[in-house]
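Dropping upload-v8.cif in here (mmCIF, C-alpha atoms):
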```cif
data_start
#
loop_
_atom_site.label_atom_id
_atom_site.label_comp_id
_atom_site.auth_asym_id
_atom_site.auth_seq_id
_atom_site.Cartn_x
_atom_site.Cartn_y
_atom_site.Cartn_z
CA MET A 169 -72.90 -20.58 144.42
CA PRO A 170 -71.24 -22.17 147.46
CA ILE A 171 -71.18 -25.89 148.12
CA ILE A 172 -73.14 -26.73 151.26
CA ARG A 173 -71.94 -29.61 153.38
CA GLU A 174 -72.27 -30.92 156.93
CA PHE A 175 -70.24 -29.14 159.62
CA GLN A 176 -66.91 -30.71 160.57
CA GLU A 177 -65.08 -30.00 163.81
CA ALA A 178 -62.23 -28.21 161.98
CA ASP A 179 -64.76 -25.62 160.73
CA TRP A 180 -65.48 -24.18 164.16
CA PRO A 181 -62.66 -21.57 164.26
CA ARG A 182 -64.10 -20.16 161.01
CA ILE A 183 -67.74 -20.37 162.15
CA TRP A 184 -67.39 -18.77 165.54
CA PRO A 185 -66.38 -15.32 164.16
CA ILE A 186 -69.52 -15.34 161.98
CA LEU A 187 -71.75 -16.13 164.95
CA HIS A 188 -69.86 -13.69 167.19
CA GLU A 189 -70.37 -10.79 164.77
CA VAL A 190 -74.09 -11.51 164.46
CA PHE A 191 -74.64 -11.89 168.21
CA GLU A 192 -72.66 -8.70 168.95
CA SER A 193 -74.86 -6.75 166.52
CA GLY A 194 -77.95 -7.53 168.64
CA GLU A 195 -80.15 -7.10 165.59
CA SER A 196 -81.39 -10.50 164.57
CA TYR A 197 -80.81 -13.34 167.06
CA PRO A 198 -81.96 -13.48 170.69
CA GLN A 199 -78.48 -14.62 171.81
CA PRO A 200 -77.26 -11.32 173.22
CA PRO A 201 -74.03 -9.39 172.77
CA GLY A 202 -71.55 -11.04 175.12
CA THR A 203 -72.60 -14.59 174.20
CA THR A 204 -69.54 -16.75 174.84
CA GLU A 205 -67.92 -19.19 172.44
CA GLU A 206 -69.07 -22.09 174.63
CA GLU A 207 -72.69 -20.86 174.63
CA ALA A 208 -72.51 -20.36 170.87
CA ARG A 209 -71.22 -23.92 170.34
CA ARG A 210 -74.04 -25.32 172.42
CA TYR A 211 -76.66 -23.31 170.54
CA TRP A 212 -75.32 -23.84 167.02
CA LEU A 213 -73.79 -27.34 167.20
CA GLU A 214 -74.86 -29.31 170.26
CA GLU A 215 -78.58 -28.58 170.57
CA PRO A 216 -79.41 -28.88 166.83
CA ALA A 217 -79.93 -32.17 165.04
CA ALA A 218 -77.38 -31.12 162.39
CA SER A 219 -75.35 -28.08 161.31
CA PHE A 220 -74.04 -27.15 157.87
CA VAL A 221 -71.58 -24.76 156.26
CA ALA A 222 -71.54 -23.00 152.90
CA VAL A 223 -68.09 -23.22 151.27
CA GLU A 224 -67.01 -20.93 148.42
CA ASP A 225 -64.76 -21.99 145.48
CA ASP A 226 -61.67 -20.68 147.28
CA GLY A 227 -62.48 -22.65 150.42
CA THR A 228 -63.86 -19.68 152.39
CA ILE A 229 -66.80 -20.46 154.65
CA SER A 230 -69.42 -17.88 153.72
CA GLY A 231 -72.33 -19.10 155.81
CA THR A 232 -73.71 -21.67 158.21
CA TYR A 233 -77.05 -23.02 159.34
CA TYR A 234 -78.51 -25.44 161.87
CA ILE A 235 -81.64 -27.60 161.82
CA LYS A 236 -83.50 -29.04 164.80
CA PRO A 237 -87.00 -30.04 165.91
CA ASN A 238 -88.89 -26.93 167.00
CA GLN A 239 -90.74 -28.81 169.75
CA PRO A 240 -90.34 -32.20 171.44
CA GLY A 241 -92.48 -35.25 170.80
CA LEU A 242 -95.84 -34.39 169.30
CA GLY A 243 -94.46 -31.20 167.77
CA SER A 244 -91.17 -32.68 166.57
CA HIS A 245 -92.29 -33.04 162.95
CA VAL A 246 -91.84 -29.28 162.55
CA CYS A 247 -88.23 -28.14 162.32
CA ASN A 248 -86.56 -24.87 163.13
CA CYS A 249 -83.48 -23.51 161.35
CA GLY A 250 -81.12 -20.61 161.92
CA TYR A 251 -78.93 -19.17 159.16
CA MET A 252 -75.98 -16.80 159.24
CA VAL A 253 -73.94 -15.32 156.41
CA ALA A 254 -70.46 -13.87 156.94
CA LYS A 255 -70.49 -10.07 156.66
CA ASP A 256 -68.38 -9.95 153.48
CA HIS A 257 -70.61 -12.44 151.69
CA ARG A 258 -74.02 -10.89 152.21
CA GLY A 259 -76.31 -10.02 149.30
CA LYS A 260 -74.90 -12.79 147.09
CA GLY A 261 -77.54 -15.48 147.51
CA VAL A 262 -75.80 -17.51 150.23
CA ALA A 263 -78.79 -17.38 152.60
CA CYS A 264 -81.11 -18.32 149.76
CA ALA A 265 -78.90 -21.33 148.86
CA MET A 266 -78.77 -22.44 152.50
CA CYS A 267 -82.54 -22.04 152.90
CA GLU A 268 -83.19 -24.23 149.85
CA HIS A 269 -80.66 -26.79 151.09
CA SER A 270 -82.25 -26.82 154.54
CA GLN A 271 -85.69 -27.52 153.10
CA GLU A 272 -84.35 -30.52 151.18
CA LYS A 273 -82.52 -31.77 154.29
CA ALA A 274 -85.63 -31.24 156.37
CA VAL A 275 -87.69 -33.47 154.10
CA GLU A 276 -84.92 -36.11 154.06
CA MET A 277 -84.89 -36.01 157.87
CA GLY A 278 -88.65 -36.57 157.98
CA PHE A 279 -89.80 -33.08 158.93
CA ARG A 280 -93.16 -31.94 157.54
CA ALA A 281 -92.85 -28.18 158.05
CA MET A 282 -90.33 -25.49 158.96
CA GLN A 283 -90.94 -22.72 161.49
CA TYR A 284 -89.02 -19.54 162.32
CA ASN A 285 -90.03 -18.38 165.77
CA LEU A 286 -88.61 -14.88 166.00
CA VAL A 287 -87.97 -13.14 162.67
CA VAL A 288 -87.09 -9.60 163.68
CA ALA A 289 -89.36 -7.25 161.73
CA THR A 290 -86.64 -4.64 161.23
CA ASN A 291 -84.38 -7.28 159.65
CA GLU A 292 -85.84 -6.51 156.23
CA ALA A 293 -83.43 -8.55 154.14
CA SER A 294 -84.39 -11.71 156.03
CA VAL A 295 -88.11 -11.01 155.99
CA ARG A 296 -88.00 -10.38 152.24
CA LEU A 297 -86.01 -13.57 151.65
CA TRP A 298 -88.29 -15.82 153.67
CA ARG A 299 -91.31 -14.38 151.87
CA LYS A 300 -89.60 -15.07 148.53
CA MET A 301 -88.98 -18.64 149.72
CA ASP A 302 -92.76 -19.00 150.27
CA PHE A 303 -92.73 -18.82 154.04
CA GLU A 304 -96.04 -17.62 155.36
CA GLU A 305 -96.17 -14.92 158.02
CA VAL A 306 -98.23 -16.67 160.64
CA GLY A 307 -98.46 -13.47 162.65
CA THR A 308 -96.75 -10.69 164.53
CA LEU A 309 -95.40 -10.78 168.11
CA PRO A 310 -95.62 -7.16 169.29
CA GLY A 311 -92.38 -5.90 170.84
CA ALA A 312 -91.01 -9.44 171.21
CA PHE A 313 -87.41 -8.55 170.32
CA ARG A 314 -85.17 -6.12 172.21
CA HIS A 315 -83.07 -4.70 169.39
CA LYS A 316 -79.68 -3.38 170.50
CA ARG A 317 -80.12 -0.02 168.73
CA LEU A 318 -83.88 0.30 168.30
CA GLY A 319 -85.27 -1.08 171.55
CA TYR A 320 -88.42 -3.23 171.52
CA VAL A 321 -89.42 -4.15 167.97
CA ASP A 322 -91.93 -6.63 166.56
CA ALA A 323 -91.03 -10.12 165.42
CA TYR A 324 -92.80 -12.49 163.05
CA VAL A 325 -93.55 -16.17 163.32
CA MET A 326 -93.02 -17.65 159.84
CA TYR A 327 -93.94 -21.14 158.66
CA LYS A 328 -93.75 -23.30 155.57
CA GLU A 329 -95.32 -26.69 155.00
CA LEU A 330 -92.86 -29.00 153.23
CA VAL A 331 -95.05 -32.02 152.40
CA MET B 233 -111.04 -20.69 194.55
CA PRO B 234 -107.72 -22.41 195.31
CA ILE B 235 -104.76 -20.71 196.93
CA ILE B 236 -101.83 -20.51 194.54
CA ARG B 237 -98.36 -20.77 195.99
CA GLU B 238 -94.84 -21.59 194.86
CA PHE B 239 -93.99 -25.27 194.32
CA GLN B 240 -92.29 -27.06 197.20
CA GLU B 241 -90.34 -30.29 196.83
CA ALA B 242 -92.92 -32.26 198.86
CA ASP B 243 -95.55 -31.41 196.20
CA TRP B 244 -93.91 -33.46 193.45
CA PRO B 245 -95.60 -36.83 194.22
CA ARG B 246 -98.94 -35.05 193.81
CA ILE B 247 -97.91 -33.07 190.71
CA TRP B 248 -96.42 -35.92 188.70
CA PRO B 249 -99.75 -37.82 188.34
CA ILE B 250 -101.35 -34.65 186.91
CA LEU B 251 -98.57 -34.23 184.37
CA HIS B 252 -98.51 -37.95 183.59
CA GLU B 253 -102.23 -38.04 182.81
CA VAL B 254 -101.97 -35.01 180.50
CA PHE B 255 -98.89 -36.33 178.67
CA GLU B 256 -100.46 -39.79 178.26
CA SER B 257 -103.55 -38.21 176.66
CA GLY B 258 -101.40 -36.80 173.83
CA GLU B 259 -103.96 -34.06 173.25
CA SER B 260 -102.46 -30.81 174.48
CA TYR B 261 -98.73 -30.87 175.26
CA PRO B 262 -95.91 -31.85 172.92
CA GLN B 263 -94.34 -34.06 175.61
CA PRO B 264 -95.46 -37.42 174.27
CA PRO B 265 -97.10 -40.40 175.93
CA GLY B 266 -94.27 -42.31 177.61
CA THR B 267 -92.62 -39.16 178.99
CA THR B 268 -90.74 -40.30 182.09
CA GLU B 269 -90.95 -38.80 185.55
CA GLU B 270 -87.38 -37.53 185.21
CA GLU B 271 -88.15 -35.81 181.89
CA ALA B 272 -91.30 -34.32 183.39
CA ARG B 273 -89.36 -32.92 186.37
CA ARG B 274 -86.84 -31.31 184.05
CA TYR B 275 -89.58 -29.77 181.90
CA TRP B 276 -91.87 -28.59 184.69
CA LEU B 277 -89.44 -27.73 187.52
CA GLU B 278 -85.84 -27.46 186.37
CA GLU B 279 -86.05 -25.56 183.08
CA PRO B 280 -88.65 -22.98 184.20
CA ALA B 281 -87.83 -19.88 186.23
CA ALA B 282 -90.54 -20.84 188.75
CA SER B 283 -93.37 -23.33 189.23
CA PHE B 284 -96.58 -22.99 191.23
CA VAL B 285 -99.39 -25.16 192.57
CA ALA B 286 -103.08 -24.48 193.17
CA VAL B 287 -104.20 -25.81 196.56
CA GLU B 288 -107.87 -26.38 197.46
CA ASP B 289 -109.39 -25.80 200.92
CA ASP B 290 -108.94 -29.48 201.83
CA GLY B 291 -105.26 -29.41 200.83
CA THR B 292 -105.73 -31.16 197.48
CA ILE B 293 -103.48 -29.90 194.70
CA SER B 294 -105.87 -29.16 191.84
CA GLY B 295 -103.45 -27.61 189.36
CA THR B 296 -99.95 -26.45 188.59
CA TYR B 297 -98.17 -24.06 186.27
CA TYR B 298 -94.65 -22.99 185.30
CA ILE B 299 -93.24 -19.72 184.04
CA LYS B 300 -90.02 -19.15 182.09
CA PRO B 301 -88.49 -16.85 179.48
CA ASN B 302 -89.70 -17.88 176.04
CA GLN B 303 -86.38 -17.00 174.39
CA PRO B 304 -82.88 -16.22 175.67
CA GLY B 305 -81.32 -12.75 175.87
CA LEU B 306 -82.99 -10.27 173.55
CA GLY B 307 -86.26 -12.21 173.65
CA SER B 308 -86.21 -12.94 177.39
CA HIS B 309 -88.69 -10.17 178.29
CA VAL B 310 -91.47 -12.40 176.91
CA CYS B 311 -92.43 -15.30 179.15
CA ASN B 312 -94.01 -18.65 178.42
CA CYS B 313 -96.27 -20.55 180.82
CA GLY B 314 -97.77 -24.01 180.90
CA TYR B 315 -100.84 -24.88 183.00
CA MET B 316 -102.38 -28.20 184.01
CA VAL B 317 -105.49 -28.95 186.01
CA ALA B 318 -106.10 -32.33 187.66
CA LYS B 319 -108.78 -34.29 185.85
CA ASP B 320 -111.30 -34.17 188.73
CA HIS B 321 -110.96 -30.41 189.08
CA ARG B 322 -111.58 -29.26 185.52
CA GLY B 323 -114.30 -26.79 184.61
CA LYS B 324 -114.13 -25.06 188.01
CA GLY B 325 -112.02 -22.03 187.19
CA VAL B 326 -108.67 -23.40 188.37
CA ALA B 327 -106.94 -22.70 185.03
CA CYS B 328 -108.42 -19.21 184.98
CA ALA B 329 -107.14 -18.53 188.52
CA MET B 330 -103.67 -19.82 187.61
CA CYS B 331 -103.59 -17.76 184.42
CA GLU B 332 -104.42 -14.57 186.34
CA HIS B 333 -101.85 -15.44 188.99
CA SER B 334 -99.20 -16.09 186.34
CA GLN B 335 -99.79 -12.71 184.71
CA GLU B 336 -99.27 -10.94 188.05
CA LYS B 337 -96.14 -13.02 188.72
CA ALA B 338 -94.88 -12.30 185.20
CA VAL B 339 -95.10 -8.55 185.76
CA GLU B 340 -93.41 -8.89 189.18
CA MET B 341 -90.61 -10.87 187.52
CA GLY B 342 -90.13 -8.13 184.94
CA PHE B 343 -91.71 -9.79 181.90
CA ARG B 344 -93.47 -7.53 179.42
CA ALA B 345 -95.57 -10.09 177.54
CA MET B 346 -96.69 -13.72 177.68
CA GLN B 347 -96.60 -16.12 174.75
CA TYR B 348 -98.10 -19.58 174.25
CA ASN B 349 -96.26 -21.30 171.41
CA LEU B 350 -98.42 -24.31 170.65
CA VAL B 351 -102.08 -24.04 171.69
CA VAL B 352 -103.67 -27.11 170.13
CA ALA B 353 -106.66 -25.94 168.08
CA THR B 354 -108.78 -28.96 169.04
CA ASN B 355 -108.25 -28.17 172.73
CA GLU B 356 -111.30 -25.92 172.72
CA ALA B 357 -111.56 -25.32 176.46
CA SER B 358 -108.05 -23.87 176.50
CA VAL B 359 -108.48 -21.78 173.37
CA ARG B 360 -111.73 -20.34 174.78
CA LEU B 361 -110.09 -19.58 178.12
CA TRP B 362 -107.05 -17.81 176.65
CA ARG B 363 -109.33 -15.72 174.44
CA LYS B 364 -111.39 -14.80 177.50
CA MET B 365 -108.15 -13.80 179.24
CA ASP B 366 -107.48 -11.38 176.35
CA PHE B 367 -104.76 -13.40 174.66
CA GLU B 368 -104.51 -12.53 171.00
CA GLU B 369 -104.30 -15.29 168.41
CA VAL B 370 -101.15 -14.26 166.61
CA GLY B 371 -101.75 -16.91 163.98
CA THR B 372 -102.19 -20.55 163.06
CA LEU B 373 -99.47 -23.17 162.58
CA PRO B 374 -100.98 -25.64 160.09
CA GLY B 375 -100.68 -29.27 161.22
CA ALA B 376 -98.08 -28.38 163.85
CA PHE B 377 -99.37 -30.82 166.51
CA ARG B 378 -99.56 -34.59 166.15
CA HIS B 379 -102.65 -35.37 168.23
CA LYS B 380 -102.72 -38.90 169.64
CA ARG B 381 -106.26 -39.60 168.39
CA LEU B 382 -106.77 -37.07 165.59
CA GLY B 383 -103.39 -37.03 163.85
CA TYR B 384 -101.98 -33.73 162.57
CA VAL B 385 -104.02 -30.77 163.81
CA ASP B 386 -103.42 -27.02 163.76
CA ALA B 387 -101.98 -25.08 166.68
CA TYR B 388 -102.17 -21.40 167.55
CA VAL B 389 -99.53 -18.98 168.73
CA MET B 390 -101.17 -16.76 171.37
CA TYR B 391 -99.75 -13.61 172.92
CA LYS B 392 -100.63 -10.99 175.48
CA GLU B 393 -98.82 -7.76 176.25
CA LEU B 394 -98.63 -7.21 180.01
CA VAL B 395 -97.28 -3.67 180.22
#
```
Would it be possible to restate this file's structure as structure tokens?
Amino acid sequence: MPIIREFQEADWPRIWPILHEVFESGESYPQPPGTTEEEARRYWLEEPAASFVAVEDDGTISGTYYIKPNQPGLGSHVCNCGYMVAKDHRGKGVACAMCEHSQEKAVEMGFRAMQYNLVVATNEASVRLWRKMDFEEVGTLPGAFRHKRLGYVDAYVMYKELV
Amino acid sequence: MPIIREFQEADWPRIWPILHEVFESGESYPQPPGTTEEEARRYWLEEPAASFVAVEDDGTISGTYYIKPNQPGLGSHVCNCGYMVAKDHRGKGVACAMCEHSQEKAVEMGFRAMQYNLVVATNEASVRLWRKMDFEEVGTLPGAFRHKRLGYVDAYVMYKELV
């Protein structure tokens, strides 16, 4: 399993290709194909409270995630996270390791729950993983995601209480 | 019923007290007590795509709302709105009029659905109104709102397809 540690500035040139590939696919994140490196930096590094990377034994960065409050003020005790795994490292438990790490970090940072706002229903690997990690499907947002290949598809709101 | 028109800069001194009172109550919006005028302006006027005011026959501003995309890019066809009614004008249908107006505007602006992300469960007047306006309760976020008087209370995600 990879070691997960806080993002360092020198990681960015290895993170950006991961984000770029995911955004270009138009299958799982609302950031659309054509999202620029500057927009990606803002979204993944500047807006979040913290960002992390998963590092394999050989030093390869296989994944990354961010954590941030999902709402300001009176909703800021619920966090939101986003996770991405590099294409060549999928199906090996990296997302699972990052999700577990993020829940520990969230508790350390004082969050009481974690919320995913837009889990694309056709992204079956993610849906299955979050269910396995005991996230509850709060409900379904009909047609809330404009999938690059499939058009309008449903998305789930998922939630897990941490304390 | 009030006339609803687009916000004009001269309206702000009459809008800010409405927002201030709602934020100070800590009962319905995540913006906490102590939110500054500058923060309120950013939230209500600068971040949204458009903001509106409800004007009574005598020129009084009785309410205001904003509309904006709820997500970037591939989620930007779903809008989010926030509504506030001045304390002295509640229970007179102003929120209902603004909600209807916002749905028409949303369709004009090309949105396909409207989503409320954090409808505080104890805010019964709002929950009742959105149900009456055919918003569907997608689901419940347990303890997602830190109510000023009541502590952690549930919030609903509500959603309505417009096309």
Next item on the list: Identify every residue of chain B that has at least one atom within 8 Å of any atom of chain A, counting all atoms listed in the file, and report the result as a VMD selection string.
Entry: chain B and resid 258 261 to 264 303 to 310 345 370 to 374 376 to 379 391 393
Item checked: Answer as a PyMOL selection string, residues within 12 Å of (-77.9, -30.3, 153.6) using only C-alpha atoms -> chain A and resi 171-175+217-222+232-235+249+265-277
Note to self: For a test of reading the model, state the distance in Å between CA of Lys236 in chain A and CA of Pro280 in chain B, rounded to one decimal.
What the structure shows: 21.0 Å
Notebook entry, point to check: Mind pulling up the distance from CA of Gly227 in chain A to CA of Glu192 in chain A?
Noted result: 25.3 Å
Next item on the list: Work out how far CA of Trp184 in chain A is from CA of Val253 in chain A, in Å to one decimal.
Entry: 11.8 Å
Notebook entry, point to check: For Phe343 in chain B, which residue among B:Val385, B:Cys328, B:Val395, B:Leu361 is the nearest when counting all atoms listed in the file?
Noted result: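 Closest candidate: B:Val395.
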Checklist line | A:Gly250, A:Pro170, A:Gly259, A:Gly278 ranked by distance to Ser230 in chain A, top pick (using all atoms listed in the file) | finding: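 Smallest separation from Ser230 in chain A among the options: A:Pro170.
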